[in-house]
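Visitor: Handing you a structure now.
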Number of protein chains: 2
Amino acid sequence: MANDKKLVEEITSMEEDFAQWYTDVVKKADLMGYSSVKGCMIFKPAGYALWENIQHELDRRFKETGVENVYMPMFIPESLLEREKEHVEGFAPEVAWVTHGGLNPLQERLCVRPTSETLFCDFYKDEIRSYRDLPKLYNQWCSVVRWEKETRPFLRSREFLWQEGHTAHATAEEAQERTILMLKLYADFCEEFLAIPVIMGRKTDKEKFAGAEATYTIEALMHDGKALQSGTSHNFGDGFAKAFGIQYADKDNRLKYVYQTSWGLTTRLIGALIMVHGDNSGLVLPPAVAPVQAVVIPVMQRKEGVLEKAAEVEEMLRNAGVRVKTDDSDKSPGWKYAEQEMRGIPLRVELGPRDIEQGQAVVVRRDTGEKTTVALDELESAVPKLLDTIQKEMLERARAHRDAHTKDAVTYEEFQDLIGRQVGFVRAMWCGDQACEDKIKEDTAATSRCMPMEQEKISDVCVCCQRPAKKLVVWGKAY
Amino acid sequence: MANDKKLVEEITSMEEDFAQWYTDVVKKADLMGYSSVKGCMIFKPAGYALWENIQHELDRRFKETGVENVYMPMFIPESLLEREKEHVEGFAPEVAWVTHGGLNPLQERLCVRPTSETLFCDFYKDEIRSYRDLPKLYNQWCSVVRWEKETRPFLRSREFLWQEGHTAHATAEEAQERTILMLKLYADFCEEFLAIPVIMGRKTDKEKFAGAEATYTIEALMHDGKALQSGTSHNFGDGFAKAFGIQYADKDNRLKYVYQTSWGLTTRLIGALIMVHGDNSGLVLPPAVAPVQAVVIPVMQRKEGVLEKAAEVEEMLRNAGVRVKTDDSDKSPGWKYAEQEMRGIPLRVELGPRDIEQGQAVVVRRDTGEKTTVALDELESAVPKLLDTIQKEMLERARAHRDAHTKDAVTYEEFQDLIGRQVGFVRAMWCGDQACEDKIKEDTAATSRCMPMEQEKISDVCVCCQRPAKKLVVWGKAY
């Protein structure tokens, strides 16, 4: 059992150095690799499979709301990027520029898309003629590029994978409805599929998307007390429509501007999975998103009948709808256990000669370490049930952790103390003035995460300036 | 019925101008749009849905052979692209170069991947240590960029979508096995899923991939008698391994170079679907790949009970596993029929008050125009059966067309005549000398499509130079 200790000892404990723990886990759980392109990462099979599962489930949910997938070019001509003023100011400083095609310089520079509002608008301008063409509910799955200075695997890299939805509507009300519909879809997806509870809210003007009228966000709390913006949904009003001239003829043949939304969710969710559920033995994956949900580990596998029985159990579990594999490599059982833990596989099924004699197997939960002895002929019902239980309890634990690490601050001293100790989300009242947001950021490094949808009044005055409060804001240090 | 005529009249007949017919169909079937980025296209929902179905089915088949998906960066540093000599010569003239990140010039130019051999090799160099790490069977789904001068929707564009598989093996034999396995997988996929018969063969040295030891191809015949290279599978031998230093320790701890393959299939398959199956009424889709397999078209839909019955039929067909929708828009039935035909939906189910009275519907095949009257309660068994029949017969028809347009040439006069009339594939013997390939291309504009796997001897001498023949080659004008 020396080997398994070694594997675990290779990761730093999260209490000692959370950032290093994170880096160690992404490496040791074999999720990613570094590439020769500075700031760009390689998604290895275990990492990409998480994204495939996220993509599959989200795509299904999108389509249920009438969304269709399209694919736009990855390049944006400079003149097109510049069409909407706030948008270009937000993105131009961080895009990659293509200046040569083959051996010749281009007449106009092209940027590699940092996001595709401008391309969708340019497309909608020609595509939308009449009210019959509305709404347009398009989405694309692609990679985007933002030339970040500091990068971290999954959380911030120069290229990342995401989906970006872009819709066009006849009225402002419909656009607002879609904005909130997608925000809620994101929140439900995170809770139900990733077992990550989120706070839904609206961004302050300081934090909103470049060119949006309103940005809504889902914010999750990581194990170290820092926040992670996990998805955003923007209402553009008719701002882009006016900049790009996207008009439709209504039923009375009057020309009107469309109202637009966009919404996106990225591979940083994989970072959230790691930092919400992981522990000092590595990754812990909720069963719904786990590429492998159970691994059968034969013990003393050279004894007659062990591998055969393991194959039977694997087959039985697969037929019961479980994503399962058997680890029949020549590593020691202890090493295999440690690997299953490091990779976050929700269940392992230990099966040795004595178990087989007694017609049973030992089932071990990754999230709690709990061991149960299960009769072999009950595995096919017990394992799916256990996976459901794990999924449910992982969400409950994450929610309990989040709630225990969400504190209210009335005075600025309380606020500074809570943020200083990085306890988690801090709820505090705000006057609505950006000067206070700036001061808070300067004093504490915390940012306003959102103005939660469910507003309460926990004090009458702004936590910073003591003037009358307008909004409850959730604050925190963020990734 | 004036309207449906109009829709069809908007496309040029294929006999009159095949290229224009193609362009008209991709536009009128709503598959793509032009973008502001010269040479880059927009995949609209109907076009992208075809790619999603192709992707889903191919991915399933890949995974059955042990392939895992990964994702590599979209950028390649210039020095990395230059590592393998033939490869860089093949691709450098047609790549897009990123020279600036944000506001600063880059220290080293990055090209947007035209293909990712160099990135995979750079990755494998660190990832592969011992024979236990082999084989590596990785694939990625992504977009690539090649700065083409002339472009055509789906067939040739500056950015296109594809999959690229990259494998590493311990022995040359295993690499060759994988190369052929994937070639056959592609061929089966094209025949079974897209109803497109293909010729499998090896490329001549002149036509092989830059850096490959051997390139294999599947070649399909379009309706106008031109060939379309529809997928390729390359055996690299240990050439890239030597250029990148990819070595593993074998069981006796000796260092050896790995043997590699790569294989790719692109969105040009959508072009093949159009040009193999389409007709003068528009697209004709094989049921397996069709996003919508049957459309229910209510006739006199304002009459009581018609829309209700249409909804019932839709539900019944959906439960029978058919991808179905109802067109209950306010367009005329004739217009709806023409749209169903233009978009290539395999079946339409016409349902009017009189049909309902008689407990029946009229089912019309897109591929043959054949009408059948089917009792409503038999639709759920009849429609899936009919879809299977269509799939099978479309392949048979495409194969019969291909065979009727494959001719043998013994003399150079015959050869020039057949190519000149663009009859289709021309089979002729070749001496193996590139000078003859060059001369044939110069004289006739035909290229060697492949040396088919099933070799025959149709004459003793080269069709061009009359020296002794070495190989049977399939020639043709190509897209």
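Identifiers in the structure tokens: chain A, B, ... in order shown; residue index from 1 per chain; ligand index from 1 in order shown.
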Write out as JSON, numbers by chain the residues lying within 7 Å of region 257-271 of chain A, counting only C-alpha atoms and excluding same-chain residues fewer than 3 positions away.
Guide: {"A": [51, 154, 155, 160, 161, 162, 163, 164, 165, 166, 167, 168, 169, 170, 171, 172, 175, 179, 230, 231, 232, 233, 234, 235, 236, 237, 238, 241, 242, 246, 247, 248, 274, 275]}
Visitor: Save the residues we just selected, N, CA and C atoms, as an mmCIF file, in the first residue's frame?
Guide:
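Generated file (selection-v6.cif):
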```cif
data_model
loop_
_atom_site.group_PDB
_atom_site.id
_atom_site.type_symbol
_atom_site.label_atom_id
_atom_site.label_comp_id
_atom_site.auth_asym_id
_atom_site.auth_seq_id
_atom_site.Cartn_x
_atom_site.Cartn_y
_atom_site.Cartn_z
ATOM 1 N N TRP A 51 -16.205 18.120 -20.243
ATOM 2 C CA TRP A 51 -16.819 19.141 -21.093
ATOM 3 C C TRP A 51 -17.858 18.517 -22.033
ATOM 4 N N PHE A 154 -8.283 25.944 -16.857
ATOM 5 C CA PHE A 154 -9.744 25.978 -16.805
ATOM 6 C C PHE A 154 -10.308 27.329 -16.370
ATOM 7 N N LEU A 155 -9.620 28.031 -15.481
ATOM 8 C CA LEU A 155 -10.202 29.246 -14.916
ATOM 9 C C LEU A 155 -9.982 30.454 -15.819
ATOM 10 N N PHE A 160 -10.360 29.396 -24.669
ATOM 11 C CA PHE A 160 -11.212 28.495 -23.889
ATOM 12 C C PHE A 160 -12.417 28.076 -24.709
ATOM 13 N N LEU A 161 -13.075 27.031 -24.249
ATOM 14 C CA LEU A 161 -14.252 26.515 -24.940
ATOM 15 C C LEU A 161 -15.498 27.033 -24.238
ATOM 16 N N TRP A 162 -16.520 27.315 -25.018
ATOM 17 C CA TRP A 162 -17.763 27.783 -24.408
ATOM 18 C C TRP A 162 -18.913 27.590 -25.359
ATOM 19 N N GLN A 163 -20.112 27.981 -24.887
ATOM 20 C CA GLN A 163 -21.232 28.168 -25.787
ATOM 21 C C GLN A 163 -21.641 29.608 -25.658
ATOM 22 N N GLU A 164 -22.083 30.182 -26.766
ATOM 23 C CA GLU A 164 -22.607 31.541 -26.719
ATOM 24 C C GLU A 164 -23.946 31.551 -27.442
ATOM 25 N N GLY A 165 -25.004 31.911 -26.712
ATOM 26 C CA GLY A 165 -26.332 32.019 -27.294
ATOM 27 C C GLY A 165 -26.576 33.472 -27.677
ATOM 28 N N HIS A 166 -27.219 33.683 -28.806
ATOM 29 C CA HIS A 166 -27.502 35.045 -29.275
ATOM 30 C C HIS A 166 -28.920 35.059 -29.813
ATOM 31 N N THR A 167 -29.795 35.822 -29.170
ATOM 32 C CA THR A 167 -31.190 35.814 -29.603
ATOM 33 C C THR A 167 -31.638 37.216 -30.008
ATOM 34 N N ALA A 168 -32.648 37.237 -30.873
ATOM 35 C CA ALA A 168 -33.239 38.513 -31.306
ATOM 36 C C ALA A 168 -34.753 38.400 -31.169
ATOM 37 N N HIS A 169 -35.363 39.451 -30.637
ATOM 38 C CA HIS A 169 -36.788 39.426 -30.309
ATOM 39 C C HIS A 169 -37.490 40.688 -30.810
ATOM 40 N N ALA A 170 -38.828 40.564 -30.909
ATOM 41 C CA ALA A 170 -39.617 41.707 -31.374
ATOM 42 C C ALA A 170 -39.774 42.768 -30.291
ATOM 43 N N THR A 171 -39.785 42.362 -29.030
ATOM 44 C CA THR A 171 -40.045 43.339 -27.965
ATOM 45 C C THR A 171 -39.007 43.260 -26.851
ATOM 46 N N ALA A 172 -38.917 44.364 -26.104
ATOM 47 C CA ALA A 172 -38.014 44.426 -24.953
ATOM 48 C C ALA A 172 -38.410 43.399 -23.900
ATOM 49 N N ALA A 175 -37.178 39.929 -24.782
ATOM 50 C CA ALA A 175 -35.729 39.824 -24.588
ATOM 51 C C ALA A 175 -35.426 39.640 -23.102
ATOM 52 N N THR A 179 -33.616 36.456 -21.299
ATOM 53 C CA THR A 179 -32.423 36.660 -20.467
ATOM 54 C C THR A 179 -32.569 35.901 -19.150
ATOM 55 N N SER A 230 -19.973 31.931 -12.827
ATOM 56 C CA SER A 230 -20.073 30.626 -13.483
ATOM 57 C C SER A 230 -20.915 30.633 -14.752
ATOM 58 N N GLY A 231 -21.495 31.767 -15.075
ATOM 59 C CA GLY A 231 -22.290 31.873 -16.291
ATOM 60 C C GLY A 231 -22.948 33.236 -16.291
ATOM 61 N N THR A 232 -23.138 33.818 -17.482
ATOM 62 C CA THR A 232 -23.771 35.133 -17.533
ATOM 63 C C THR A 232 -24.817 35.166 -18.632
ATOM 64 N N SER A 233 -25.819 36.013 -18.424
ATOM 65 C CA SER A 233 -26.903 36.185 -19.391
ATOM 66 C C SER A 233 -27.133 37.687 -19.526
ATOM 67 N N HIS A 234 -27.027 38.188 -20.750
ATOM 68 C CA HIS A 234 -27.068 39.632 -20.972
ATOM 69 C C HIS A 234 -28.314 40.063 -21.732
ATOM 70 N N ASN A 235 -28.902 41.151 -21.298
ATOM 71 C CA ASN A 235 -29.954 41.793 -22.078
ATOM 72 C C ASN A 235 -29.341 43.018 -22.750
ATOM 73 N N PHE A 236 -29.356 43.033 -24.092
ATOM 74 C CA PHE A 236 -28.731 44.132 -24.820
ATOM 75 C C PHE A 236 -29.696 45.263 -25.137
ATOM 76 N N GLY A 237 -30.988 45.080 -24.817
ATOM 77 C CA GLY A 237 -31.952 46.075 -25.267
ATOM 78 C C GLY A 237 -31.850 46.191 -26.782
ATOM 79 N N ASP A 238 -31.982 47.421 -27.304
ATOM 80 C CA ASP A 238 -31.837 47.580 -28.754
ATOM 81 C C ASP A 238 -30.537 48.285 -29.122
ATOM 82 N N ALA A 241 -28.755 46.508 -31.927
ATOM 83 C CA ALA A 241 -29.621 46.609 -33.117
ATOM 84 C C ALA A 241 -29.458 47.970 -33.775
ATOM 85 N N LYS A 242 -29.369 49.011 -32.940
ATOM 86 C CA LYS A 242 -29.192 50.354 -33.504
ATOM 87 C C LYS A 242 -27.804 50.517 -34.121
ATOM 88 N N ILE A 246 -30.345 46.522 -37.224
ATOM 89 C CA ILE A 246 -31.149 45.291 -37.337
ATOM 90 C C ILE A 246 -32.616 45.642 -37.107
ATOM 91 N N GLN A 247 -33.372 45.732 -38.196
ATOM 92 C CA GLN A 247 -34.761 46.138 -38.098
ATOM 93 C C GLN A 247 -35.683 45.104 -38.717
ATOM 94 N N TYR A 248 -36.925 45.092 -38.222
ATOM 95 C CA TYR A 248 -37.926 44.196 -38.819
ATOM 96 C C TYR A 248 -39.209 44.991 -39.055
ATOM 97 N N ILE A 274 -13.972 21.236 -9.613
ATOM 98 C CA ILE A 274 -12.800 20.851 -8.816
ATOM 99 C C ILE A 274 -12.820 21.568 -7.470
ATOM 100 N N MET A 275 -13.062 22.886 -7.501
ATOM 101 C CA MET A 275 -12.902 23.692 -6.280
ATOM 102 C C MET A 275 -14.109 23.644 -5.348
#
```
Visitor: Identify all chain A residues at most 7 Å from chain B by counting only C-alpha atoms; ligands do not count. Present them as an mmCIF file with N, CA and C atoms, in the first residue's frame.
Guide:
```cif
data_model
loop_
_atom_site.group_PDB
_atom_site.id
_atom_site.type_symbol
_atom_site.label_atom_id
_atom_site.label_comp_id
_atom_site.auth_asym_id
_atom_site.auth_seq_id
_atom_site.Cartn_x
_atom_site.Cartn_y
_atom_site.Cartn_z
ATOM 1 N N VAL A 37 2.183 26.655 -26.435
ATOM 2 C CA VAL A 37 1.630 27.971 -26.694
ATOM 3 C C VAL A 37 1.304 28.593 -25.348
ATOM 4 N N CYS A 40 -2.139 28.753 -23.296
ATOM 5 C CA CYS A 40 -3.155 27.855 -23.874
ATOM 6 C C CYS A 40 -2.950 26.453 -23.313
ATOM 7 N N MET A 41 -4.038 25.788 -22.965
ATOM 8 C CA MET A 41 -3.918 24.484 -22.342
ATOM 9 C C MET A 41 -4.404 23.360 -23.255
ATOM 10 N N ILE A 42 -4.018 22.149 -22.902
ATOM 11 C CA ILE A 42 -4.472 20.954 -23.614
ATOM 12 C C ILE A 42 -5.513 20.250 -22.749
ATOM 13 N N PHE A 43 -6.673 20.000 -23.303
ATOM 14 C CA PHE A 43 -7.683 19.200 -22.604
ATOM 15 C C PHE A 43 -7.377 17.734 -22.854
ATOM 16 N N LYS A 44 -6.938 17.032 -21.820
ATOM 17 C CA LYS A 44 -6.694 15.595 -21.959
ATOM 18 C C LYS A 44 -8.027 14.841 -21.859
ATOM 19 N N PRO A 45 -8.037 13.544 -22.183
ATOM 20 C CA PRO A 45 -9.328 12.828 -22.258
ATOM 21 C C PRO A 45 -10.215 13.004 -21.017
ATOM 22 N N TYR A 48 -11.560 16.612 -21.122
ATOM 23 C CA TYR A 48 -12.473 16.880 -22.227
ATOM 24 C C TYR A 48 -13.789 16.124 -22.050
ATOM 25 N N GLU A 68 -31.617 26.754 -31.495
ATOM 26 C CA GLU A 68 -30.984 26.005 -32.585
ATOM 27 C C GLU A 68 -29.499 26.351 -32.634
ATOM 28 N N ASN A 69 -28.690 25.378 -33.022
ATOM 29 C CA ASN A 69 -27.253 25.622 -33.122
ATOM 30 C C ASN A 69 -26.843 26.078 -34.513
ATOM 31 N N VAL A 70 -25.859 26.981 -34.539
ATOM 32 C CA VAL A 70 -25.282 27.467 -35.788
ATOM 33 C C VAL A 70 -23.768 27.526 -35.585
ATOM 34 N N TYR A 71 -23.035 27.893 -36.632
ATOM 35 C CA TYR A 71 -21.603 28.131 -36.468
ATOM 36 C C TYR A 71 -21.181 29.334 -37.291
ATOM 37 N N MET A 72 -20.582 30.294 -36.608
ATOM 38 C CA MET A 72 -20.100 31.542 -37.230
ATOM 39 C C MET A 72 -18.581 31.458 -37.429
ATOM 40 N N PRO A 73 -18.045 32.249 -38.352
ATOM 41 C CA PRO A 73 -16.585 32.264 -38.540
ATOM 42 C C PRO A 73 -15.843 32.641 -37.246
ATOM 43 N N PHE A 75 -13.192 34.494 -37.224
ATOM 44 C CA PHE A 75 -12.532 35.792 -37.399
ATOM 45 C C PHE A 75 -13.547 36.929 -37.449
ATOM 46 N N ILE A 76 -13.134 38.072 -36.926
ATOM 47 C CA ILE A 76 -13.971 39.268 -36.993
ATOM 48 C C ILE A 76 -13.138 40.396 -37.606
ATOM 49 N N PRO A 77 -13.574 40.981 -38.732
ATOM 50 C CA PRO A 77 -12.832 42.112 -39.299
ATOM 51 C C PRO A 77 -12.806 43.261 -38.284
ATOM 52 N N ALA A 92 -11.154 45.128 -27.410
ATOM 53 C CA ALA A 92 -9.989 45.349 -28.268
ATOM 54 C C ALA A 92 -8.641 45.142 -27.562
ATOM 55 N N PRO A 93 -8.508 45.552 -26.288
ATOM 56 C CA PRO A 93 -7.190 45.393 -25.656
ATOM 57 C C PRO A 93 -6.776 43.941 -25.441
ATOM 58 N N GLU A 94 -7.687 42.998 -25.599
ATOM 59 C CA GLU A 94 -7.313 41.621 -25.269
ATOM 60 C C GLU A 94 -7.600 40.630 -26.398
ATOM 61 N N VAL A 95 -7.554 41.097 -27.634
ATOM 62 C CA VAL A 95 -7.767 40.134 -28.713
ATOM 63 C C VAL A 95 -6.472 39.813 -29.447
ATOM 64 N N ALA A 96 -6.469 38.660 -30.112
ATOM 65 C CA ALA A 96 -5.335 38.259 -30.956
ATOM 66 C C ALA A 96 -5.648 38.682 -32.380
ATOM 67 N N TRP A 97 -4.641 39.265 -33.052
ATOM 68 C CA TRP A 97 -4.851 39.813 -34.395
ATOM 69 C C TRP A 97 -4.169 38.986 -35.461
ATOM 70 N N VAL A 98 -4.936 38.614 -36.469
ATOM 71 C CA VAL A 98 -4.379 37.964 -37.649
ATOM 72 C C VAL A 98 -4.087 39.062 -38.663
ATOM 73 N N THR A 99 -2.825 39.116 -39.133
ATOM 74 C CA THR A 99 -2.428 40.179 -40.052
ATOM 75 C C THR A 99 -2.001 39.651 -41.417
ATOM 76 N N HIS A 100 -1.721 38.306 -41.474
ATOM 77 C CA HIS A 100 -1.259 37.733 -42.734
ATOM 78 C C HIS A 100 -2.039 36.465 -43.055
ATOM 79 N N GLY A 101 -2.439 36.326 -44.315
ATOM 80 C CA GLY A 101 -3.059 35.092 -44.791
ATOM 81 C C GLY A 101 -2.123 34.485 -45.817
ATOM 82 N N GLY A 102 -1.557 33.317 -45.507
ATOM 83 C CA GLY A 102 -0.535 32.750 -46.383
ATOM 84 C C GLY A 102 0.664 33.675 -46.404
ATOM 85 N N LEU A 103 1.139 34.015 -47.596
ATOM 86 C CA LEU A 103 2.357 34.828 -47.672
ATOM 87 C C LEU A 103 2.053 36.323 -47.757
ATOM 88 N N TRP A 147 -6.541 37.524 -24.899
ATOM 89 C CA TRP A 147 -5.112 37.506 -24.627
ATOM 90 C C TRP A 147 -4.796 37.905 -23.190
#
```
Visitor: Return the single residue from B:Gln455, B:Gly225, B:His87, B:Val299 that is closest to Glu15 (chain B), with distances computed using only C-alpha atoms.
Guide: B:Gly225
Visitor: Could you give me, as an NGL selection string, each residue of region 18-158 of chain A that DSSP assigns to strand (DSSP E) when run on this structure's backbone?
Guide: :A and (32-34 or 41-43 or 68-69 or 75-77 or 96-101 or 104-112 or 136-145)
Visitor: Mind the document's chain letters and residue numbers, and return as a list in words the residues of region 136-219 of chain B that DSSP labels helix (DSSP H, G or I).
Guide: Ala172, Glu173, Glu174, Ala175, Gln176, Glu177, Arg178, Thr179, Ile180, Leu181, Met182, Leu183, Lys184, Leu185, Tyr186, Ala187, Asp188, Phe189, Cys190, Glu191, Glu192, Phe193, Leu194, Asp205, Lys206 and Glu207 of chain B
Visitor: Record the distance separating CA of Asp133 (chain A) and CA of Ala294 (chain B), expressed in Å with one decimal.
Guide: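 That distance, rounded to one decimal, is 22.8 Å.
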